[in-house]
file protein-v3.txt (compact mmCIF, C-alpha atoms)
# COMPACT_ATOMS: atom_id res chain seq x y z
CA MET J 16 93.23 156.01 127.19
CA GLN J 17 90.55 153.42 127.93
CA THR J 18 92.15 150.13 128.95
CA GLU J 19 89.04 147.93 129.22
CA GLU J 20 85.72 147.73 127.43
CA LEU J 21 82.93 149.56 129.17
CA ARG J 22 80.44 147.23 130.85
CA LYS J 23 76.67 147.30 130.42
CA GLY J 24 75.87 148.43 133.95
CA PRO J 25 76.54 147.70 137.61
CA LEU J 26 73.42 145.52 137.89
CA GLU J 27 74.47 143.17 135.10
CA GLY J 28 73.76 139.63 136.34
CA ILE J 29 70.72 140.69 138.37
CA THR J 30 67.36 139.30 137.17
CA VAL J 31 64.16 141.17 137.97
CA LEU J 32 60.65 139.72 137.65
CA ASP J 33 58.40 142.70 136.98
CA PHE J 34 54.73 142.09 137.81
CA SER J 35 54.01 145.82 137.81
CA ARG J 36 52.05 147.92 135.37
CA VAL J 37 51.24 151.52 134.45
CA LEU J 38 53.93 153.83 135.92
CA ALA J 39 55.33 153.56 139.46
CA GLY J 40 56.50 149.94 139.18
CA PRO J 41 57.56 150.06 135.51
CA TYR J 42 59.53 153.27 136.08
CA CYS J 43 61.38 151.58 138.95
CA THR J 44 62.21 148.52 136.83
CA MET J 45 63.13 150.79 133.91
CA ILE J 46 65.83 152.31 136.11
CA LEU J 47 67.04 148.83 137.07
CA ALA J 48 67.16 147.86 133.38
CA ASP J 49 69.02 151.07 132.53
CA LEU J 50 71.58 150.07 135.18
CA GLY J 51 72.14 146.68 133.54
CA ALA J 52 69.62 144.34 135.16
CA ARG J 53 67.67 141.80 133.13
CA VAL J 54 63.99 142.67 133.56
CA ILE J 55 61.36 140.07 132.64
CA LYS J 56 57.93 141.71 132.51
CA ILE J 57 55.08 139.38 133.54
CA GLU J 58 51.92 140.54 131.75
CA LYS J 59 48.26 139.58 131.78
CA PHE J 60 46.46 137.80 128.98
CA GLY J 61 44.78 139.81 126.26
CA THR J 62 45.84 143.38 126.92
CA GLY J 63 49.06 143.17 128.92
CA ASP J 64 50.13 146.32 130.74
CA ASP J 65 47.31 148.89 130.75
CA THR J 66 49.60 151.49 129.21
CA ARG J 67 49.80 149.54 125.95
CA ALA J 68 46.44 151.23 125.30
CA PHE J 69 47.61 154.74 126.33
CA GLY J 70 48.40 157.31 123.64
CA PRO J 71 50.17 158.77 121.86
CA PHE J 72 50.65 155.92 119.40
CA VAL J 73 53.47 155.37 116.91
CA ASP J 74 52.73 152.84 114.15
CA GLY J 75 49.94 151.50 116.35
CA GLU J 76 52.17 151.07 119.42
CA SER J 77 51.98 153.12 122.62
CA ALA J 78 54.81 155.61 123.03
CA TYR J 79 53.84 155.78 126.73
CA PHE J 80 54.48 152.04 127.12
CA MET J 81 57.69 152.17 125.10
CA CYS J 82 59.26 154.90 127.23
CA PHE J 83 58.97 153.07 130.55
CA ASN J 84 59.39 149.46 129.40
CA ARG J 85 62.41 149.84 127.18
CA GLY J 86 65.00 147.11 127.34
CA LYS J 87 62.70 144.61 129.07
CA GLU J 88 61.43 141.17 128.04
CA SER J 89 57.73 140.31 127.98
CA ILE J 90 55.95 137.07 128.78
CA VAL J 91 52.27 136.44 129.41
CA LEU J 92 51.58 133.96 132.20
CA ASP J 93 48.29 132.32 133.17
CA ILE J 94 48.68 131.70 136.89
CA LYS J 95 45.81 129.17 136.72
CA SER J 96 47.76 127.03 134.25
CA PRO J 97 49.95 124.32 135.88
CA ARG J 98 52.54 124.69 133.11
CA ASP J 99 52.76 128.46 133.57
CA ARG J 100 52.90 128.13 137.36
CA GLU J 101 55.75 125.68 136.93
CA LEU J 102 57.55 128.13 134.66
CA LEU J 103 57.00 130.93 137.17
CA GLU J 104 58.54 128.79 139.90
CA ARG J 105 61.61 128.27 137.69
CA LEU J 106 61.78 132.01 137.10
CA LEU J 107 61.60 132.65 140.83
CA ASP J 108 64.41 130.17 141.43
CA GLU J 109 66.68 132.30 139.25
CA ALA J 110 65.34 135.78 140.02
CA ASP J 111 67.01 138.24 142.38
CA VAL J 112 64.21 140.80 142.61
CA VAL J 113 60.41 140.76 142.36
CA VAL J 114 58.58 144.06 141.81
CA GLU J 115 54.79 144.40 142.00
CA ASN J 116 52.41 147.31 142.37
CA PHE J 117 49.06 145.65 142.94
CA ARG J 118 46.80 146.56 145.83
CA PRO J 119 47.79 144.74 149.03
CA GLY J 120 46.54 141.15 149.07
CA VAL J 121 46.43 140.56 145.31
CA MET J 122 49.77 138.76 145.10
CA ASP J 123 48.90 136.76 148.22
CA ARG J 124 45.69 135.52 146.60
CA LEU J 125 47.67 134.51 143.52
CA GLY J 126 50.01 132.51 145.76
CA TYR J 127 53.07 134.69 145.25
CA GLY J 128 52.94 137.12 148.15
CA ALA J 129 55.99 138.31 150.04
CA GLU J 130 55.46 136.05 153.06
CA ARG J 131 55.24 132.90 150.96
CA LEU J 132 58.29 133.77 148.85
CA ALA J 133 60.28 134.65 151.98
CA LYS J 134 59.90 130.98 152.95
CA THR J 135 60.31 129.31 149.56
CA HIS J 136 62.74 131.77 147.91
CA PRO J 137 64.50 133.59 150.75
CA HIS J 138 67.14 134.99 148.39
CA ILE J 139 64.61 137.25 146.64
CA VAL J 140 64.31 140.99 147.27
CA TYR J 141 60.55 141.55 147.13
CA ALA J 142 59.45 145.12 146.41
CA SER J 143 55.83 146.27 146.62
CA VAL J 144 54.66 149.70 145.50
CA SER J 145 51.10 150.68 146.39
CA GLY J 146 49.12 153.79 147.18
CA PHE J 147 49.40 153.54 150.95
CA GLY J 148 51.72 150.64 151.73
CA HIS J 149 50.88 147.27 153.27
CA SER J 150 49.92 148.53 156.74
CA GLY J 151 47.71 151.24 158.19
CA PRO J 152 43.98 152.04 157.88
CA PHE J 153 44.22 153.17 154.23
CA SER J 154 46.25 150.19 152.97
CA ASP J 155 43.29 148.62 151.11
CA LEU J 156 42.32 151.81 149.28
CA PRO J 157 43.30 152.32 145.63
CA GLY J 158 46.01 154.92 145.25
CA TYR J 159 46.59 156.83 142.03
CA ASP J 160 49.00 159.65 141.35
CA MET J 161 46.33 162.35 141.46
CA VAL J 162 44.92 160.96 144.71
CA VAL J 163 48.25 160.96 146.55
CA GLN J 164 49.18 164.38 145.15
CA ALA J 165 45.99 165.69 146.75
CA MET J 166 46.25 163.70 149.98
CA GLY J 167 49.98 164.25 150.41
CA GLY J 168 49.78 168.06 150.28
CA ILE J 169 51.72 168.86 147.12
CA MET J 170 48.63 170.17 145.32
CA SER J 171 47.97 172.64 148.14
CA LEU J 172 51.42 174.12 147.46
CA THR J 173 51.18 174.15 143.67
CA GLY J 174 49.68 177.05 141.76
CA TRP J 175 49.12 180.72 142.46
CA PRO J 176 47.76 182.13 145.75
CA ASP J 177 44.58 183.42 144.14
CA GLY J 178 44.00 180.26 142.10
CA PRO J 179 42.86 176.72 142.86
CA PRO J 180 45.28 173.95 143.87
CA SER J 181 47.02 172.37 140.90
CA ARG J 182 48.39 168.98 140.00
CA VAL J 183 52.16 168.93 139.42
CA GLY J 184 52.83 168.78 135.68
CA THR J 185 54.30 165.27 135.80
CA SER J 186 53.16 162.20 137.75
CA PHE J 187 54.99 163.30 140.86
CA GLY J 188 53.35 160.66 143.07
CA ASP J 189 54.24 157.73 140.83
CA LEU J 190 57.75 158.90 140.03
CA GLY J 191 58.63 159.68 143.64
CA ALA J 192 57.49 156.19 144.70
CA ALA J 193 59.45 154.62 141.84
CA LEU J 194 62.67 156.33 142.89
CA PHE J 195 62.28 155.38 146.56
CA ALA J 196 61.49 151.78 145.52
CA THR J 197 64.68 151.69 143.47
CA VAL J 198 66.72 152.94 146.43
CA GLY J 199 65.14 150.30 148.67
CA ILE J 200 65.87 147.51 146.18
CA LEU J 201 69.50 148.54 145.78
CA ALA J 202 69.95 148.78 149.55
CA SER J 203 68.44 145.31 149.96
CA LEU J 204 70.70 143.85 147.28
CA TYR J 205 73.70 145.35 149.05
CA LYS J 206 72.56 143.80 152.35
CA ARG J 207 72.05 140.44 150.60
CA ASN J 208 75.70 140.46 149.62
CA GLN J 209 76.49 140.44 153.34
CA ASN J 210 74.04 137.84 154.65
CA ALA J 211 72.75 136.00 151.53
CA GLN J 212 69.17 136.86 152.53
CA GLY J 213 66.64 138.76 150.47
CA GLY J 214 64.19 141.14 152.06
CA ARG J 215 60.96 143.08 151.79
CA VAL J 216 60.66 146.62 150.42
CA ASP J 217 57.24 148.15 151.13
CA ILE J 218 56.68 151.49 149.41
CA GLY J 219 53.56 153.62 149.94
CA MET J 220 53.07 156.46 147.50
CA LEU J 221 51.57 158.66 150.22
CA ASP J 222 54.63 158.08 152.42
CA CYS J 223 56.83 159.21 149.54
CA GLN J 224 54.77 162.35 149.03
CA ALA J 225 55.22 163.25 152.69
CA ALA J 226 58.96 162.62 152.40
CA LEU J 227 59.14 164.98 149.40
CA MET J 228 57.43 167.91 151.12
CA GLU J 229 60.85 169.54 151.57
CA THR J 230 60.52 171.99 154.49
CA ALA J 231 56.73 172.46 154.36
CA LEU J 232 56.08 170.18 157.35
CA ALA J 233 58.86 171.71 159.43
CA ARG J 234 57.72 175.24 158.49
CA TYR J 235 54.23 174.54 159.80
CA ASP J 236 55.56 172.91 162.98
CA ALA J 237 57.95 175.81 163.62
CA GLU J 238 55.66 178.72 162.71
CA GLY J 239 52.16 177.36 163.23
CA LYS J 240 51.13 178.69 159.81
CA VAL J 241 49.83 176.43 157.07
CA PRO J 242 52.09 176.82 153.99
CA ASN J 243 50.13 177.83 150.92
CA ARG J 244 50.63 178.33 147.21
CA THR J 245 53.31 180.84 146.29
CA GLY J 246 53.18 180.67 142.50
CA ASP J 247 56.68 180.25 141.13
CA SER J 248 58.47 181.86 144.09
CA HIS J 249 60.31 180.11 146.91
CA PRO J 250 58.78 180.76 150.34
CA SER J 251 62.17 181.21 152.04
CA LEU J 252 64.36 182.78 149.35
CA ALA J 253 64.16 186.02 147.36
CA PRO J 254 64.61 186.67 144.54
CA PHE J 255 63.84 183.07 143.62
CA GLU J 256 61.11 183.28 140.97
CA SER J 257 60.40 184.47 137.45
CA PHE J 258 60.40 188.06 136.23
CA ALA J 259 58.90 189.70 133.16
CA ALA J 260 61.30 190.61 130.37
CA LYS J 261 60.55 192.34 127.08
CA ASP J 262 59.67 189.10 125.25
CA GLY J 263 58.84 186.60 127.99
CA ARG J 264 59.82 185.63 131.50
CA ILE J 265 63.18 184.81 133.04
CA VAL J 266 63.85 182.84 136.22
CA ILE J 267 66.38 184.43 138.60
CA ALA J 268 67.51 182.40 141.61
CA ALA J 269 69.71 184.80 143.58
CA GLY J 270 69.36 182.79 146.76
CA ASN J 271 71.74 184.70 149.06
CA ASP J 272 72.89 188.24 149.75
CA THR J 273 76.08 187.96 147.69
CA LEU J 274 74.17 186.76 144.65
CA PHE J 275 71.68 189.60 145.07
CA VAL J 276 74.50 192.14 144.84
CA LEU J 277 75.89 190.37 141.77
CA MET J 278 72.41 190.31 140.23
CA ALA J 279 71.89 194.03 140.81
CA ASP J 280 75.22 194.81 139.14
CA ALA J 281 74.45 192.50 136.19
CA LEU J 282 71.11 194.22 135.69
CA GLY J 283 72.86 197.58 135.60
CA ALA J 284 70.99 198.65 138.75
CA PRO J 285 73.49 198.37 141.64
CA GLU J 286 71.31 200.70 143.70
CA LEU J 287 68.88 197.80 144.26
CA ALA J 288 71.35 196.18 146.64
CA LEU J 289 71.64 199.40 148.63
CA GLN J 290 67.94 199.81 149.36
CA ALA J 291 67.14 199.02 152.99
CA PRO J 292 64.05 196.84 152.30
CA PHE J 293 66.25 194.56 150.16
CA ALA J 294 69.35 194.43 152.35
CA THR J 295 68.94 190.81 153.50
CA ASN J 296 67.20 187.70 152.25
CA ASP J 297 64.70 187.84 155.12
CA LEU J 298 63.82 191.46 154.29
CA ARG J 299 63.47 190.63 150.60
CA CYS J 300 61.06 187.80 151.45
CA ARG J 301 58.98 190.19 153.56
CA ASN J 302 59.05 192.88 150.88
CA ARG J 303 58.73 190.56 147.90
CA PRO J 304 56.05 192.55 145.98
CA ASP J 305 58.15 195.74 146.10
CA MET J 306 61.28 193.79 145.19
CA ILE J 307 59.58 192.21 142.16
CA LYS J 308 58.32 195.61 141.02
CA ALA J 309 61.81 197.12 141.31
CA ILE J 310 63.52 194.28 139.44
CA GLU J 311 60.91 194.13 136.67
CA ALA J 312 61.29 197.87 136.08
CA VAL J 313 64.72 196.87 134.78
CA THR J 314 64.14 193.42 133.24
CA ARG J 315 61.19 194.61 131.13
CA THR J 316 63.56 196.81 129.12
CA GLN J 317 65.42 193.92 127.43
CA ASN J 318 64.77 190.45 126.01
CA VAL J 319 65.15 187.25 128.05
CA GLN J 320 68.31 186.18 126.22
CA HIS J 321 70.00 189.50 126.96
CA TRP J 322 69.49 189.04 130.68
CA VAL J 323 70.44 185.36 130.61
CA GLU J 324 73.80 186.27 129.08
CA ARG J 325 74.42 189.12 131.53
CA LEU J 326 73.45 187.11 134.59
CA ASN J 327 75.37 183.99 133.56
CA GLU J 328 78.46 186.12 132.98
CA ALA J 329 78.09 187.41 136.55
CA GLY J 330 77.57 183.92 137.98
CA VAL J 331 73.93 184.45 138.96
CA PRO J 332 71.70 181.36 138.52
CA CYS J 333 69.05 182.06 135.89
CA SER J 334 67.18 180.49 133.00
CA PRO J 335 64.56 181.09 130.37
CA ILE J 336 61.37 179.07 130.90
CA ASN J 337 61.78 176.44 128.21
CA THR J 338 58.93 174.60 126.58
CA ILE J 339 59.45 170.86 126.06
CA ASP J 340 60.43 171.21 122.40
CA LYS J 341 63.43 173.30 123.47
CA LEU J 342 64.90 170.42 125.47
CA PHE J 343 65.73 168.32 122.41
CA ASP J 344 68.05 171.09 121.19
CA HIS J 345 69.46 172.08 124.57
CA PRO J 346 73.27 172.15 124.27
CA GLN J 347 73.86 170.89 127.81
CA LEU J 348 71.50 167.92 127.47
CA LEU J 349 72.95 167.09 124.07
CA ALA J 350 76.50 167.26 125.42
CA ARG J 351 75.49 164.83 128.17
CA ASP J 352 73.88 162.39 125.67
CA MET J 353 70.62 162.58 127.61
CA PHE J 354 68.29 161.49 124.83
CA ILE J 355 67.69 158.00 123.52
CA LYS J 356 65.42 156.42 120.96
CA VAL J 357 62.90 153.72 121.79
CA LYS J 358 60.72 151.59 119.56
CA SER J 359 58.43 148.60 119.86
CA GLY J 360 59.59 145.20 118.61
CA GLU J 361 62.03 144.97 115.77
CA THR J 362 60.20 147.33 113.43
CA GLY J 363 58.40 150.62 113.65
CA ARG J 364 59.39 154.23 114.04
CA ALA J 365 61.52 155.16 117.02
CA VAL J 366 60.62 158.03 119.31
CA ARG J 367 62.98 160.14 121.39
CA THR J 368 62.82 160.30 125.16
CA ALA J 369 65.11 160.95 128.10
CA GLY J 370 67.67 158.27 128.88
CA ASN J 371 69.47 157.27 132.06
CA PRO J 372 70.80 160.38 133.88
CA ILE J 373 73.18 158.37 136.09
CA ARG J 374 76.79 158.64 134.94
CA MET J 375 79.17 156.03 136.37
CA SER J 376 82.79 155.47 135.47
CA GLY J 377 83.52 152.14 133.81
CA TYR J 378 80.00 151.67 132.44
CA LYS J 379 78.30 152.50 129.19
CA GLY J 380 76.22 155.64 128.95
CA ASN J 381 73.15 156.25 126.81
CA ASN J 382 73.19 154.88 123.29
CA ILE J 383 71.92 157.82 121.27
CA VAL J 384 72.14 156.06 117.88
CA ASP J 385 70.56 152.60 118.09
CA PRO J 386 66.98 152.53 119.44
CA ILE J 387 66.26 150.57 122.61
CA VAL J 388 63.47 148.07 122.03
CA ALA J 389 60.36 147.85 124.18
CA PRO J 390 58.80 144.38 123.98
CA LYS J 391 55.67 143.44 122.14
CA LEU J 392 53.19 141.55 124.29
CA ASN J 393 54.48 138.02 125.04
CA GLN J 394 57.38 138.56 122.63
CA HIS J 395 59.88 136.52 124.65
CA ARG J 396 57.72 133.57 125.71
CA GLU J 397 59.41 130.92 123.59
CA GLN J 398 62.87 132.18 124.47
CA ILE J 399 62.10 132.15 128.21
CA LEU J 400 60.40 128.74 128.01
CA HIS J 401 63.44 127.27 126.31
CA GLU J 402 65.87 128.87 128.72
CA PHE J 403 64.13 128.08 132.00
CA MET J 404 62.18 124.90 131.23
CA ALA J 405 64.53 123.06 128.91
CA ALA J 406 67.27 122.93 131.53
CA ARG J 407 64.78 121.59 134.08
CA ASP J 408 63.39 118.98 131.66
CA ALA J 409 66.92 117.86 130.81
CA TYR J 410 67.71 117.50 134.52
CA VAL J 411 64.58 115.42 135.19
CA SER J 412 65.27 113.22 132.16
CA SER J 413 68.86 112.55 133.19
CA HIS J 414 67.69 111.53 136.69
CA GLY J 415 65.13 109.01 135.56
CA GLY J 416 62.15 111.31 135.90
CA GLU J 417 62.94 112.36 139.46
CA GLU J 418 63.93 115.81 140.57

call {"tool": "encode", "arguments": {"input": "protein-v3.txt", "output": "structure tokens"}}
result
Amino acid sequence: MQTEELRKGPLEGITVLDFSRVLAGPYCTMILADLGARVIKIEKFGTGDDTRAFGPFVDGESAYFMCFNRGKESIVLDIKSPRDRELLERLLDEADVVVENFRPGVMDRLGYGAERLAKTHPHIVYASVSGFGHSGPFSDLPGYDMVVQAMGGIMSLTGWPDGPPSRVGTSFGDLGAALFATVGILASLYKRNQNAQGGRVDIGMLDCQAALMETALARYDAEGKVPNRTGDSHPSLAPFESFAAKDGRIVIAAGNDTLFVLMADALGAPELALQAPFATNDLRCRNRPDMIKAIEAVTRTQNVQHWVERLNEAGVPCSPINTIDKLFDHPQLLARDMFIKVKSGETGRAVRTAGNPIRMSGYKGNNIVDPIVAPKLNQHREQILHEFMAARDAYVSSHGGEE
């Protein structure tokens, strides 16, 4: 029996000023908002975040923007305006975190770089996300997801051996940087609880790509061979790939010798586990083409679902290769309340997207009924002006015009 009302999130009470745009920064601040932080999005005049112009559109509003800016507030600030600069200073007084993903030097030229704020607002955790970080010979270069996927090596590992390198199907460079930025911010907030000092988080997308190379770097250093594309198979495990069935393809991830025996039994071909070329994982990796041929001689005789049921019953990891439309009806994702609805402003049609995957006891999970609102451009200006400037004006008035 629940004895207390579930709270919004562990970051409730934390205020984030979000100067970022497009994907890496907004995805980071989306996570912070999902975890309960108040996120105030600082946008540019006229167009706001670039992604407001990215399709697809729902009732004239960008679904792309809605997905990654849900639950935030929006205000347009003209940094050249004394009134807006004054408001920004008030916002900084109250903020806990600043997130920006401009090229190095842009925030400094605006007067709100990390070094300046470390002196005037030492309590702030200042997080920068850029293509290459704020040091090194490439720091001034523009860095986009496709660029860092190419430069960081992931494209050389993606695709089939006889085909060209391929971009990962999602914005792997942006999303990886966003997740590392979130970790850095949370670690800095934890440290601030100990010493009352903010800190600097400097995230380079290329660094994050290198960190996500799994064992590719170590494999090259150990073997002296440049890892290459392996299609959908794992370079160190077999079988760990997809196989043809009667009506499609099925992924089988029998990543150790015990699972291989269980797989062979589930396929009704126990003799596979007795063949010398397939006796160990190392041998199966070396004899992968013959292994695939032997397994597909069996799997081609039945439909994907037949083999999924047989393999799951035997405890062998497997899956059909789902298209995106299948996810909305997936029983496991539905049971975990993984989908939410987002919409722009107070009206308009809501669209479904993935919600917060982090489950924490004592806090609310995803709200799968009421849509989460993504802000219209400058929607919260008057509210923020009243909240942050009215208190200051009242203070000045009560002290005879002196702060």

call {"tool": "atom_distance", "arguments": {"input": "protein-v3.txt", "atom1": "CA of Ala142 (chain J)", "atom2": "CA of Ala231 (chain J)"}}
result
28.6 Å

call {"tool": "residues_around", "arguments": {"input": "protein-v3.txt", "residues": "Asp155 (chain J)", "least_positions_apart": "3", "cutoff": "10 Å", "atoms": "all atoms listed in the file", "output": "list in words"}}
result
Arg118, Pro119, Gly120, Ser145, Gly146, Phe147, Gly148, His149, Ser150, Gly151, Pro152 and Gly158 of chain J

call {"tool": "closest_residue", "arguments": {"input": "protein-v3.txt", "among": "J:Val323, J:Ala233, J:Ile267, J:Leu21", "to": "Lys379 (chain J)", "atoms": "all atoms listed in the file"}}
result
J:Leu21

call {"tool": "residues_around", "arguments": {"input": "protein-v3.txt", "residues": "Gly61 (chain J)", "least_positions_apart": "6", "cutoff": "12 Å", "atoms": "all atoms listed in the file", "output": "PDB file with C-alpha atoms, keeping the file's coordinate frame"}}
result
ATOM      1  CA  ARG J  67      49.800 149.540 125.950  1.00  0.00           C
ATOM      2  CA  ALA J  68      46.440 151.230 125.300  1.00  0.00           C
ATOM      3  CA  ILE J  90      55.950 137.070 128.780  1.00  0.00           C
ATOM      4  CA  VAL J  91      52.270 136.440 129.410  1.00  0.00           C
ATOM      5  CA  LEU J  92      51.580 133.960 132.200  1.00  0.00           C
ATOM      6  CA  ASP J  93      48.290 132.320 133.170  1.00  0.00           C
ATOM      7  CA  LEU J 392      53.190 141.550 124.290  1.00  0.00           C
ATOM      8  CA  ASN J 393      54.480 138.020 125.040  1.00  0.00           C
TER       9      ASN J 393
END

call {"tool": "closest_residue", "arguments": {"input": "protein-v3.txt", "among": "J:Asp177, J:Asp297, J:Asp344, J:Asp189", "to": "Met161 (chain J)", "atoms": "only C-alpha atoms"}}
result
J:Asp189

call {"tool": "residues_around", "arguments": {"input": "protein-v3.txt", "residues": "region 363-372 of chain J", "least_positions_apart": "5", "cutoff": "10 Å", "atoms": "all atoms listed in the file", "output": "tab-separated table (two decimals) with C-alpha atoms, keeping the file's coordinate frame"}}
result
chain	number	residue	atom	x	y	z
J	45	MET	CA	63.13	150.79	133.91
J	46	ILE	CA	65.83	152.31	136.11
J	48	ALA	CA	67.16	147.86	133.38
J	49	ASP	CA	69.02	151.07	132.53
J	50	LEU	CA	71.58	150.07	135.18
J	73	VAL	CA	53.47	155.37	116.91
J	74	ASP	CA	52.73	152.84	114.15
J	75	GLY	CA	49.94	151.50	116.35
J	76	GLU	CA	52.17	151.07	119.42
J	78	ALA	CA	54.81	155.61	123.03
J	81	MET	CA	57.69	152.17	125.10
J	82	CYS	CA	59.26	154.90	127.23
J	83	PHE	CA	58.97	153.07	130.55
J	342	LEU	CA	64.90	170.42	125.47
J	343	PHE	CA	65.73	168.32	122.41
J	348	LEU	CA	71.50	167.92	127.47
J	351	ARG	CA	75.49	164.83	128.17
J	352	ASP	CA	73.88	162.39	125.67
J	353	MET	CA	70.62	162.58	127.61
J	354	PHE	CA	68.29	161.49	124.83
J	355	ILE	CA	67.69	158.00	123.52
J	356	LYS	CA	65.42	156.42	120.96
J	357	VAL	CA	62.90	153.72	121.79
J	358	LYS	CA	60.72	151.59	119.56
J	380	GLY	CA	76.22	155.64	128.95
J	381	ASN	CA	73.15	156.25	126.81
J	382	ASN	CA	73.19	154.88	123.29
J	383	ILE	CA	71.92	157.82	121.27
J	385	ASP	CA	70.56	152.60	118.09
J	386	PRO	CA	66.98	152.53	119.44
J	387	ILE	CA	66.26	150.57	122.61
J	388	VAL	CA	63.47	148.07	122.03

call {"tool": "residues_around", "arguments": {"input": "protein-v3.txt", "residues": "Ala294 (chain J)", "least_positions_apart": "4", "cutoff": "10 Å", "atoms": "only C-alpha atoms", "output": "PDB file with C-alpha atoms, keeping the file's coordinate frame"}}
result
ATOM      1  CA  ASP J 272      72.890 188.240 149.750  1.00  0.00           C
ATOM      2  CA  PHE J 275      71.680 189.600 145.070  1.00  0.00           C
ATOM      3  CA  VAL J 276      74.500 192.140 144.840  1.00  0.00           C
ATOM      4  CA  LEU J 287      68.880 197.800 144.260  1.00  0.00           C
ATOM      5  CA  ALA J 288      71.350 196.180 146.640  1.00  0.00           C
ATOM      6  CA  LEU J 289      71.640 199.400 148.630  1.00  0.00           C
ATOM      7  CA  GLN J 290      67.940 199.810 149.360  1.00  0.00           C
ATOM      8  CA  LEU J 298      63.820 191.460 154.290  1.00  0.00           C
ATOM      9  CA  ARG J 299      63.470 190.630 150.600  1.00  0.00           C
TER      10      ARG J 299
END

call {"tool": "residues_around", "arguments": {"input": "protein-v3.txt", "residues": "Asp217 (chain J)", "least_positions_apart": "6", "cutoff": "12 Å", "atoms": "only C-alpha atoms", "output": "MDAnalysis selection string"}}
result
chainID J and resid 113:119 129 140:150 154 192:193 195:200 203 223

call {"tool": "atom_distance", "arguments": {"input": "protein-v3.txt", "atom1": "CA of Glu101 (chain J)", "atom2": "CA of Gly40 (chain J)"}}
result
24.4 Å
